[in-house]
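Here is the structure we will look at.
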Amino acid sequence: MIIIGGTATNGIDENLSKLISIPLLKVEHKIFPDGESYIRIPQHITNQEILVVQSLYPPQDKHFVELLLILETLADMKNNKITAIVPYLAYSRQDRRFKDGEAISIKTILNAIARAGADVLIVIEPHKEEELSYFGKEVKIADPMPELAKEVSKKVEKPFVLAPDRGALERAKRLAEQLNAEYSYIEKERDRDTGEVRIKNLPELRLSGKDVIIVDDIISTGGTMIQATRAAYDHGARKVISVAVHSLFLGDAYEKLINSGVKEIVTTNTIPQDLSKVTIVDVSPAIARKI
Ligand code: R5P
């Protein structure tokens, strides 16, 4: 078995290599003057089980093309079983036609990864499990909740886990079980044109004196977390901690989150960042459990 470290790994390839004691080979990579990517696998690999690590954080399109170049090159080397480990799976939120004529982006992305030569796909906390069926081959989902819960438990006394929409309830349940805490959800709706988020429906929440942990798969503009944070404080939360597996923090999302009253943010290393109130948890142990 060998690990191939792609062009966007944020150190996950190195951590994984140490954790499971499998050698790591980094791809050779440069950018041509016209901006196109050059990829070379510096060793001929045949008859091996290959774990390719490539996250699809921004610039997503570039990292995606580079993933395809890596996969197809390895597939050309013959008789390899290739597992694509894609910690952050970009395009996962466009998983259906919200409007007529829209691309189902995740379908195209997963079809391409399969066609380029991946036999197995490992992703961390996908947006929706069902969408992974577009890959059409074996899929493994790595669950980082045990690692996130370990970090969160250091920061809370009376935990209550809140999902910022109904779709995230199962995620909240998994985290709550790890923390031995109660959990619930609120309902949001997003304007498909402006992207604005608003809370639609609030079930009865008793959050008085509780340390509320709002858990989501992705922080992008921060709109969802901010609305959920306001709702938690309106219902008596003592403090709010935000947990997201994949944090993009677009624009001034981080500042807006802190200004809305989020005391701390716990996230993972599927996307690189360096912000003061953000604790980063390594997802390599979650991946290792699937290998
Ligand atoms: C949407 O369904 C996702 O689970 C997240 O809630 C969403 O992507 C977060 O985006 P934003 O930070 O822009 O509200």
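By order of appearance in the structure tokens: chains A, B, ..., then residues from 1 within every chain, and ligands from 1 in the order shown.
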7 Å shell around ligand 1 using only C-alpha atoms and all ligand atoms, listed as an mmCIF file with N, CA, C and O atoms, in the first residue's frame:
```cif
data_model
loop_
_atom_site.group_PDB
_atom_site.id
_atom_site.type_symbol
_atom_site.label_atom_id
_atom_site.label_comp_id
_atom_site.auth_asym_id
_atom_site.auth_seq_id
_atom_site.Cartn_x
_atom_site.Cartn_y
_atom_site.Cartn_z
ATOM 1 N N ARG A 93 -23.004 20.847 -2.434
ATOM 2 C CA ARG A 93 -24.292 21.460 -2.077
ATOM 3 C C ARG A 93 -25.222 21.621 -3.270
ATOM 4 O O ARG A 93 -26.405 21.824 -3.104
ATOM 5 N N HIS A 127 -21.997 16.401 2.525
ATOM 6 C CA HIS A 127 -23.178 17.246 2.742
ATOM 7 C C HIS A 127 -24.416 16.367 2.911
ATOM 8 O O HIS A 127 -25.183 16.533 3.857
ATOM 9 N N PRO A 164 -28.545 23.457 12.688
ATOM 10 C CA PRO A 164 -29.126 24.685 12.129
ATOM 11 C C PRO A 164 -30.165 24.435 11.042
ATOM 12 O O PRO A 164 -30.741 25.371 10.532
ATOM 13 N N ALA A 168 -29.555 18.573 9.123
ATOM 14 C CA ALA A 168 -28.339 18.361 9.913
ATOM 15 C C ALA A 168 -28.623 17.659 11.241
ATOM 16 O O ALA A 168 -27.731 17.512 12.080
ATOM 17 N N VAL A 197 -30.110 33.800 4.480
ATOM 18 C CA VAL A 197 -30.666 32.725 5.313
ATOM 19 C C VAL A 197 -31.600 33.332 6.346
ATOM 20 O O VAL A 197 -31.301 34.373 6.929
ATOM 21 N N ASP A 216 -22.639 21.981 12.035
ATOM 22 C CA ASP A 216 -23.015 21.959 10.622
ATOM 23 C C ASP A 216 -21.889 21.281 9.833
ATOM 24 O O ASP A 216 -20.780 21.121 10.342
ATOM 25 N N ASP A 217 -22.194 20.919 8.590
ATOM 26 C CA ASP A 217 -21.130 20.325 7.780
ATOM 27 C C ASP A 217 -20.186 21.406 7.262
ATOM 28 O O ASP A 217 -18.974 21.234 7.279
ATOM 29 N N ILE A 218 -20.758 22.541 6.830
ATOM 30 C CA ILE A 218 -19.943 23.572 6.172
ATOM 31 C C ILE A 218 -20.250 24.954 6.758
ATOM 32 O O ILE A 218 -21.419 25.279 7.001
ATOM 33 N N ILE A 219 -19.204 25.754 6.985
ATOM 34 C CA ILE A 219 -19.401 27.199 7.159
ATOM 35 C C ILE A 219 -18.883 27.823 5.878
ATOM 36 O O ILE A 219 -17.713 27.639 5.516
ATOM 37 N N SER A 220 -19.765 28.540 5.206
ATOM 38 C CA SER A 220 -19.334 29.173 3.960
ATOM 39 C C SER A 220 -19.362 30.687 4.174
ATOM 40 O O SER A 220 -18.371 31.288 4.576
ATOM 41 N N THR A 221 -20.517 31.328 3.984
ATOM 42 C CA THR A 221 -20.614 32.766 4.266
ATOM 43 C C THR A 221 -20.845 33.022 5.757
ATOM 44 O O THR A 221 -20.759 34.159 6.206
ATOM 45 N N GLY A 222 -21.187 31.980 6.499
ATOM 46 C CA GLY A 222 -21.459 32.121 7.930
ATOM 47 C C GLY A 222 -22.922 32.431 8.234
ATOM 48 O O GLY A 222 -23.333 32.415 9.402
ATOM 49 N N GLY A 223 -23.716 32.711 7.187
ATOM 50 C CA GLY A 223 -25.116 33.110 7.389
ATOM 51 C C GLY A 223 -25.917 32.125 8.234
ATOM 52 O O GLY A 223 -26.637 32.516 9.159
ATOM 53 N N THR A 224 -25.765 30.854 7.959
ATOM 54 C CA THR A 224 -26.526 29.827 8.685
ATOM 55 C C THR A 224 -26.154 29.827 10.163
ATOM 56 O O THR A 224 -27.024 29.843 11.049
ATOM 57 N N MET A 225 -24.852 29.825 10.441
ATOM 58 C CA MET A 225 -24.376 29.792 11.838
ATOM 59 C C MET A 225 -24.824 31.039 12.599
ATOM 60 O O MET A 225 -25.186 30.970 13.767
#
```
field: All helix (DSSP H, G or I) positions in range 23-150 of chain A, as a ChimeraX atom specification
entry: /A:60-76,105-116,129-135,145-150
message: Need to verify the contact set: Lys188 in chain A, 10 Å, only C-alpha atoms, exclusion of same-chain residues closer than 6 positions in sequence. Can you return it as a PyMOL selection string?
response: chain A and resi 164-166+197-202+224+227-228
field: Polymer residues at most 7 Å from Lys210 in chain A, only C-alpha atoms, same-chain spacing of 6 or more positions, as a list of chain:residue names
entry: A:Lys158, A:Pro159, A:Phe160, A:Ala237, A:Arg238
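Taking CA of Asn80 in chain A as the reference point, CA of Val120 in chain A is found at 11.7 Å.
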Run DSSP on the backbone and give me the residues of range 9-160 of chain A it puts in strand (DSSP E or B), as an mmCIF file with all heavy atoms, in the first residue's frame.
```
data_model
loop_
_atom_site.group_PDB
_atom_site.id
_atom_site.type_symbol
_atom_site.label_atom_id
_atom_site.label_comp_id
_atom_site.auth_asym_id
_atom_site.auth_seq_id
_atom_site.Cartn_x
_atom_site.Cartn_y
_atom_site.Cartn_z
ATOM 1 N N LEU A 24 4.611 7.507 2.061
ATOM 2 C CA LEU A 24 3.966 8.619 1.349
ATOM 3 C C LEU A 24 4.844 9.035 0.169
ATOM 4 O O LEU A 24 6.049 9.236 0.316
ATOM 5 C CB LEU A 24 3.793 9.808 2.311
ATOM 6 C CG LEU A 24 3.403 11.152 1.693
ATOM 7 C CD1 LEU A 24 2.010 11.083 1.069
ATOM 8 C CD2 LEU A 24 3.442 12.258 2.749
ATOM 9 N N LEU A 25 4.213 9.174 -0.979
ATOM 10 C CA LEU A 25 4.904 9.694 -2.165
ATOM 11 C C LEU A 25 4.161 10.942 -2.612
ATOM 12 O O LEU A 25 2.955 10.891 -2.871
ATOM 13 C CB LEU A 25 4.871 8.616 -3.272
ATOM 14 C CG LEU A 25 5.580 8.954 -4.576
ATOM 15 C CD1 LEU A 25 7.085 9.040 -4.378
ATOM 16 C CD2 LEU A 25 5.254 7.894 -5.638
ATOM 17 N N LYS A 26 4.881 12.059 -2.674
ATOM 18 C CA LYS A 26 4.261 13.322 -3.097
ATOM 19 C C LYS A 26 4.291 13.429 -4.620
ATOM 20 O O LYS A 26 5.312 13.092 -5.238
ATOM 21 C CB LYS A 26 5.054 14.497 -2.516
ATOM 22 C CG LYS A 26 4.861 14.684 -1.026
ATOM 23 C CD LYS A 26 3.600 15.451 -0.801
ATOM 24 C CE LYS A 26 3.542 16.101 0.551
ATOM 25 N NZ LYS A 26 2.242 16.762 0.760
ATOM 26 N N GLU A 28 4.768 15.285 -8.170
ATOM 27 C CA GLU A 28 5.507 16.464 -8.661
ATOM 28 C C GLU A 28 4.483 17.387 -9.304
ATOM 29 O O GLU A 28 3.595 16.929 -10.027
ATOM 30 C CB GLU A 28 6.521 16.019 -9.723
ATOM 31 C CG GLU A 28 7.885 15.698 -9.160
ATOM 32 C CD GLU A 28 8.831 15.252 -10.269
ATOM 33 O OE1 GLU A 28 8.816 15.848 -11.387
ATOM 34 O OE2 GLU A 28 9.564 14.283 -10.009
ATOM 35 N N HIS A 29 4.646 18.672 -9.060
ATOM 36 C CA HIS A 29 3.599 19.590 -9.477
ATOM 37 C C HIS A 29 4.200 20.937 -9.838
ATOM 38 O O HIS A 29 5.048 21.449 -9.125
ATOM 39 C CB HIS A 29 2.628 19.744 -8.278
ATOM 40 C CG HIS A 29 1.627 20.831 -8.435
ATOM 41 N ND1 HIS A 29 1.392 21.761 -7.442
ATOM 42 C CD2 HIS A 29 0.797 21.130 -9.448
ATOM 43 C CE1 HIS A 29 0.456 22.590 -7.849
ATOM 44 N NE2 HIS A 29 0.074 22.227 -9.049
ATOM 45 N N LYS A 30 3.779 21.472 -10.977
ATOM 46 C CA LYS A 30 4.146 22.859 -11.288
ATOM 47 C C LYS A 30 3.035 23.463 -12.143
ATOM 48 O O LYS A 30 2.139 22.740 -12.627
ATOM 49 C CB LYS A 30 5.505 22.932 -11.993
ATOM 50 C CG LYS A 30 5.543 22.303 -13.350
ATOM 51 C CD LYS A 30 6.942 22.419 -13.970
ATOM 52 C CE LYS A 30 6.927 21.742 -15.334
ATOM 53 N NZ LYS A 30 8.217 21.640 -15.965
ATOM 54 N N ILE A 31 3.087 24.765 -12.276
ATOM 55 C CA ILE A 31 2.077 25.450 -13.086
ATOM 56 C C ILE A 31 2.771 25.995 -14.333
ATOM 57 O O ILE A 31 3.768 26.707 -14.229
ATOM 58 C CB ILE A 31 1.407 26.608 -12.287
ATOM 59 C CG1 ILE A 31 0.804 26.093 -10.963
ATOM 60 C CG2 ILE A 31 0.358 27.334 -13.132
ATOM 61 C CD1 ILE A 31 -0.435 25.223 -11.097
ATOM 62 N N SER A 37 -2.002 23.104 -15.042
ATOM 63 C CA SER A 37 -1.264 22.303 -14.049
ATOM 64 C C SER A 37 -0.465 21.191 -14.730
ATOM 65 O O SER A 37 -0.948 20.553 -15.668
ATOM 66 C CB SER A 37 -2.231 21.641 -13.066
ATOM 67 O OG SER A 37 -2.918 22.617 -12.349
ATOM 68 N N TYR A 38 0.726 20.946 -14.211
ATOM 69 C CA TYR A 38 1.556 19.812 -14.634
ATOM 70 C C TYR A 38 1.639 18.874 -13.445
ATOM 71 O O TYR A 38 1.904 19.305 -12.317
ATOM 72 C CB TYR A 38 2.951 20.311 -15.009
ATOM 73 C CG TYR A 38 4.011 19.221 -15.130
ATOM 74 C CD1 TYR A 38 4.279 18.626 -16.352
ATOM 75 C CD2 TYR A 38 4.744 18.811 -14.006
ATOM 76 C CE1 TYR A 38 5.268 17.638 -16.461
ATOM 77 C CE2 TYR A 38 5.719 17.823 -14.105
ATOM 78 C CZ TYR A 38 5.979 17.237 -15.342
ATOM 79 O OH TYR A 38 6.935 16.265 -15.446
ATOM 80 N N ILE A 39 1.400 17.600 -13.696
ATOM 81 C CA ILE A 39 1.456 16.591 -12.629
ATOM 82 C C ILE A 39 2.354 15.458 -13.082
ATOM 83 O O ILE A 39 2.282 15.012 -14.229
ATOM 84 C CB ILE A 39 0.029 16.030 -12.346
ATOM 85 C CG1 ILE A 39 -0.886 17.087 -11.737
ATOM 86 C CG2 ILE A 39 0.073 14.765 -11.488
ATOM 87 C CD1 ILE A 39 -0.597 17.476 -10.311
ATOM 88 N N ARG A 40 3.182 14.954 -12.174
ATOM 89 C CA ARG A 40 3.980 13.755 -12.474
ATOM 90 C C ARG A 40 4.031 12.879 -11.222
ATOM 91 O O ARG A 40 4.249 13.377 -10.117
ATOM 92 C CB ARG A 40 5.396 14.160 -12.895
ATOM 93 C CG ARG A 40 6.273 12.965 -13.170
ATOM 94 C CD ARG A 40 7.613 13.329 -13.834
ATOM 95 N NE ARG A 40 8.386 12.108 -13.984
ATOM 96 C CZ ARG A 40 9.306 11.695 -13.106
ATOM 97 N NH1 ARG A 40 9.623 12.431 -12.048
ATOM 98 N NH2 ARG A 40 9.939 10.545 -13.300
ATOM 99 N N GLU A 49 -2.071 -1.164 -3.807
ATOM 100 C CA GLU A 49 -3.250 -0.474 -3.325
ATOM 101 C C GLU A 49 -2.802 0.965 -3.043
ATOM 102 O O GLU A 49 -1.907 1.194 -2.237
ATOM 103 C CB GLU A 49 -3.752 -1.153 -2.050
ATOM 104 C CG GLU A 49 -5.140 -0.738 -1.768
ATOM 105 C CD GLU A 49 -5.883 -1.692 -0.845
ATOM 106 O OE1 GLU A 49 -5.506 -2.872 -0.728
ATOM 107 O OE2 GLU A 49 -6.841 -1.202 -0.242
ATOM 108 N N ILE A 50 -3.414 1.905 -3.740
ATOM 109 C CA ILE A 50 -2.955 3.301 -3.667
ATOM 110 C C ILE A 50 -4.025 4.164 -3.019
ATOM 111 O O ILE A 50 -5.201 4.116 -3.396
ATOM 112 C CB ILE A 50 -2.660 3.847 -5.082
ATOM 113 C CG1 ILE A 50 -1.682 2.931 -5.822
ATOM 114 C CG2 ILE A 50 -2.129 5.267 -5.012
ATOM 115 C CD1 ILE A 50 -1.405 3.354 -7.259
ATOM 116 N N LEU A 51 -3.597 4.957 -2.048
ATOM 117 C CA LEU A 51 -4.515 5.904 -1.408
ATOM 118 C C LEU A 51 -4.114 7.305 -1.869
ATOM 119 O O LEU A 51 -3.025 7.776 -1.538
ATOM 120 C CB LEU A 51 -4.399 5.827 0.121
ATOM 121 C CG LEU A 51 -4.542 4.439 0.756
ATOM 122 C CD1 LEU A 51 -4.191 4.493 2.243
ATOM 123 C CD2 LEU A 51 -5.964 3.915 0.576
ATOM 124 N N VAL A 52 -4.950 7.937 -2.661
ATOM 125 C CA VAL A 52 -4.640 9.279 -3.162
ATOM 126 C C VAL A 52 -5.340 10.302 -2.269
ATOM 127 O O VAL A 52 -6.549 10.240 -2.095
ATOM 128 C CB VAL A 52 -5.152 9.459 -4.607
ATOM 129 C CG1 VAL A 52 -4.922 10.882 -5.101
ATOM 130 C CG2 VAL A 52 -4.492 8.457 -5.539
ATOM 131 N N VAL A 53 -4.562 11.223 -1.685
ATOM 132 C CA VAL A 53 -5.177 12.263 -0.855
ATOM 133 C C VAL A 53 -5.200 13.576 -1.634
ATOM 134 O O VAL A 53 -4.150 14.079 -2.055
ATOM 135 C CB VAL A 53 -4.409 12.466 0.477
ATOM 136 C CG1 VAL A 53 -5.091 13.533 1.320
ATOM 137 C CG2 VAL A 53 -4.311 11.163 1.262
ATOM 138 N N LYS A 81 -5.209 -0.764 -7.334
ATOM 139 C CA LYS A 81 -6.535 -0.469 -6.777
ATOM 140 C C LYS A 81 -6.427 0.926 -6.171
ATOM 141 O O LYS A 81 -5.613 1.164 -5.268
ATOM 142 C CB LYS A 81 -6.923 -1.499 -5.713
ATOM 143 C CG LYS A 81 -8.315 -1.203 -5.175
ATOM 144 C CD LYS A 81 -8.774 -2.195 -4.148
ATOM 145 C CE LYS A 81 -10.142 -1.769 -3.634
ATOM 146 N NZ LYS A 81 -10.496 -2.484 -2.407
ATOM 147 N N ILE A 82 -7.207 1.844 -6.694
ATOM 148 C CA ILE A 82 -7.038 3.249 -6.315
ATOM 149 C C ILE A 82 -8.195 3.739 -5.446
ATOM 150 O O ILE A 82 -9.361 3.648 -5.841
ATOM 151 C CB ILE A 82 -6.919 4.140 -7.575
ATOM 152 C CG1 ILE A 82 -5.792 3.631 -8.472
ATOM 153 C CG2 ILE A 82 -6.716 5.592 -7.192
ATOM 154 C CD1 ILE A 82 -5.706 4.314 -9.832
ATOM 155 N N THR A 83 -7.831 4.254 -4.270
ATOM 156 C CA THR A 83 -8.829 4.876 -3.398
ATOM 157 C C THR A 83 -8.585 6.379 -3.411
ATOM 158 O O THR A 83 -7.480 6.833 -3.106
ATOM 159 C CB THR A 83 -8.694 4.349 -1.948
ATOM 160 O OG1 THR A 83 -8.980 2.948 -1.961
ATOM 161 C CG2 THR A 83 -9.661 5.043 -0.997
ATOM 162 N N ALA A 84 -9.594 7.133 -3.796
ATOM 163 C CA ALA A 84 -9.469 8.602 -3.754
ATOM 164 C C ALA A 84 -9.983 9.076 -2.399
ATOM 165 O O ALA A 84 -11.152 8.867 -2.060
ATOM 166 C CB ALA A 84 -10.287 9.225 -4.876
ATOM 167 N N ILE A 85 -9.092 9.674 -1.618
ATOM 168 C CA ILE A 85 -9.498 10.244 -0.326
ATOM 169 C C ILE A 85 -9.672 11.739 -0.558
ATOM 170 O O ILE A 85 -8.708 12.463 -0.800
ATOM 171 C CB ILE A 85 -8.437 9.972 0.760
ATOM 172 C CG1 ILE A 85 -8.221 8.456 0.911
ATOM 173 C CG2 ILE A 85 -8.853 10.602 2.087
ATOM 174 C CD1 ILE A 85 -7.096 8.074 1.861
ATOM 175 N N VAL A 86 -10.920 12.191 -0.524
ATOM 176 C CA VAL A 86 -11.231 13.593 -0.822
ATOM 177 C C VAL A 86 -11.834 14.213 0.450
ATOM 178 O O VAL A 86 -13.051 14.164 0.656
ATOM 179 C CB VAL A 86 -12.211 13.701 -2.016
ATOM 180 C CG1 VAL A 86 -12.438 15.164 -2.390
ATOM 181 C CG2 VAL A 86 -11.682 12.929 -3.218
ATOM 182 N N VAL A 120 -12.457 3.338 -5.282
ATOM 183 C CA VAL A 120 -13.118 3.557 -3.986
ATOM 184 C C VAL A 120 -13.002 5.045 -3.674
ATOM 185 O O VAL A 120 -12.012 5.684 -4.034
ATOM 186 C CB VAL A 120 -12.419 2.740 -2.857
ATOM 187 C CG1 VAL A 120 -13.123 2.932 -1.516
ATOM 188 C CG2 VAL A 120 -12.337 1.268 -3.210
ATOM 189 N N LEU A 121 -14.028 5.573 -3.001
ATOM 190 C CA LEU A 121 -13.988 6.989 -2.621
ATOM 191 C C LEU A 121 -14.159 7.091 -1.105
ATOM 192 O O LEU A 121 -15.051 6.457 -0.534
ATOM 193 C CB LEU A 121 -15.144 7.724 -3.315
ATOM 194 C CG LEU A 121 -15.351 9.189 -2.946
ATOM 195 C CD1 LEU A 121 -14.211 10.051 -3.498
ATOM 196 C CD2 LEU A 121 -16.692 9.698 -3.500
ATOM 197 N N ILE A 122 -13.282 7.859 -0.465
ATOM 198 C CA ILE A 122 -13.459 8.140 0.968
ATOM 199 C C ILE A 122 -13.661 9.640 1.118
ATOM 200 O O ILE A 122 -12.841 10.436 0.634
ATOM 201 C CB ILE A 122 -12.237 7.694 1.813
ATOM 202 C CG1 ILE A 122 -12.020 6.181 1.690
ATOM 203 C CG2 ILE A 122 -12.423 8.092 3.278
ATOM 204 C CD1 ILE A 122 -10.894 5.625 2.562
ATOM 205 N N VAL A 123 -14.741 10.036 1.753
ATOM 206 C CA VAL A 123 -14.964 11.467 2.028
ATOM 207 C C VAL A 123 -15.244 11.652 3.516
ATOM 208 O O VAL A 123 -15.694 10.734 4.191
ATOM 209 C CB VAL A 123 -16.138 12.069 1.212
ATOM 210 C CG1 VAL A 123 -15.849 12.067 -0.264
ATOM 211 C CG2 VAL A 123 -17.438 11.348 1.475
ATOM 212 N N ILE A 124 -14.978 12.845 3.988
ATOM 213 C CA ILE A 124 -15.251 13.170 5.386
ATOM 214 C C ILE A 124 -16.576 13.917 5.425
ATOM 215 O O ILE A 124 -16.719 14.942 4.752
ATOM 216 C CB ILE A 124 -14.185 14.137 5.968
ATOM 217 C CG1 ILE A 124 -12.778 13.772 5.551
ATOM 218 C CG2 ILE A 124 -14.310 14.277 7.481
ATOM 219 C CD1 ILE A 124 -12.179 12.631 6.218
ATOM 220 N N GLU A 138 -17.681 1.793 -4.794
ATOM 221 C CA GLU A 138 -17.654 1.745 -3.330
ATOM 222 C C GLU A 138 -17.322 3.113 -2.703
ATOM 223 O O GLU A 138 -16.361 3.771 -3.116
ATOM 224 C CB GLU A 138 -16.610 0.715 -2.869
ATOM 225 C CG GLU A 138 -16.672 0.459 -1.381
ATOM 226 C CD GLU A 138 -15.580 -0.491 -0.871
ATOM 227 O OE1 GLU A 138 -14.802 -1.032 -1.703
ATOM 228 O OE2 GLU A 138 -15.505 -0.669 0.346
ATOM 229 N N VAL A 139 -18.117 3.488 -1.711
ATOM 230 C CA VAL A 139 -17.892 4.769 -1.016
ATOM 231 C C VAL A 139 -17.769 4.500 0.482
ATOM 232 O O VAL A 139 -18.519 3.699 1.039
ATOM 233 C CB VAL A 139 -19.088 5.721 -1.240
ATOM 234 C CG1 VAL A 139 -18.916 6.984 -0.416
ATOM 235 C CG2 VAL A 139 -19.236 6.084 -2.704
ATOM 236 N N LYS A 140 -16.814 5.162 1.118
ATOM 237 C CA LYS A 140 -16.685 5.058 2.573
ATOM 238 C C LYS A 140 -16.768 6.463 3.158
ATOM 239 O O LYS A 140 -16.119 7.389 2.654
ATOM 240 C CB LYS A 140 -15.347 4.427 2.958
ATOM 241 C CG LYS A 140 -15.201 2.992 2.482
ATOM 242 C CD LYS A 140 -13.844 2.457 2.902
ATOM 243 C CE LYS A 140 -13.625 1.047 2.365
ATOM 244 N NZ LYS A 140 -12.303 0.543 2.765
ATOM 245 N N ILE A 141 -17.535 6.594 4.226
ATOM 246 C CA ILE A 141 -17.695 7.913 4.848
ATOM 247 C C ILE A 141 -16.941 7.922 6.175
ATOM 248 O O ILE A 141 -17.193 7.095 7.052
ATOM 249 C CB ILE A 141 -19.183 8.211 5.079
ATOM 250 C CG1 ILE A 141 -19.903 8.289 3.723
ATOM 251 C CG2 ILE A 141 -19.359 9.508 5.863
ATOM 252 C CD1 ILE A 141 -21.391 8.446 3.834
ATOM 253 N N ALA A 142 -16.004 8.842 6.296
ATOM 254 C CA ALA A 142 -15.238 8.952 7.534
ATOM 255 C C ALA A 142 -15.924 9.965 8.452
ATOM 256 O O ALA A 142 -16.223 11.081 8.033
ATOM 257 C CB ALA A 142 -13.809 9.384 7.220
ATOM 258 N N PRO A 159 -23.563 20.911 27.936
ATOM 259 C CA PRO A 159 -23.712 20.943 26.471
ATOM 260 C C PRO A 159 -25.124 20.649 25.967
ATOM 261 O O PRO A 159 -25.850 19.835 26.551
ATOM 262 C CB PRO A 159 -22.759 19.843 26.004
ATOM 263 C CG PRO A 159 -22.639 18.912 27.144
ATOM 264 C CD PRO A 159 -22.822 19.720 28.394
ATOM 265 N N PHE A 160 -25.490 21.354 24.926
ATOM 266 C CA PHE A 160 -26.737 21.086 24.193
ATOM 267 C C PHE A 160 -26.388 21.250 22.725
ATOM 268 O O PHE A 160 -25.849 22.283 22.328
ATOM 269 C CB PHE A 160 -27.835 22.078 24.603
ATOM 270 C CG PHE A 160 -29.179 21.754 23.983
ATOM 271 C CD1 PHE A 160 -30.183 21.161 24.743
ATOM 272 C CD2 PHE A 160 -29.442 22.036 22.643
ATOM 273 C CE1 PHE A 160 -31.420 20.851 24.175
ATOM 274 C CE2 PHE A 160 -30.668 21.734 22.072
ATOM 275 C CZ PHE A 160 -31.666 21.141 22.841
#
```
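Using only C-alpha atoms, the smallest distance between any of A:Glu36, A:Asp119, A:Glu177, A:Glu264 and Ile241 in chain A comes from A:Glu264.
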- prompt: Looking at only C-alpha atoms, which of A:Pro126, A:Gly136, A:Gly6, A:Pro33 is the one that sits closest to His246 in chain A?
  reply: A:Pro126
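Here CA of Gly5 in chain A is placed at a distance of 14.8 Å from CA of Glu72 in chain A.
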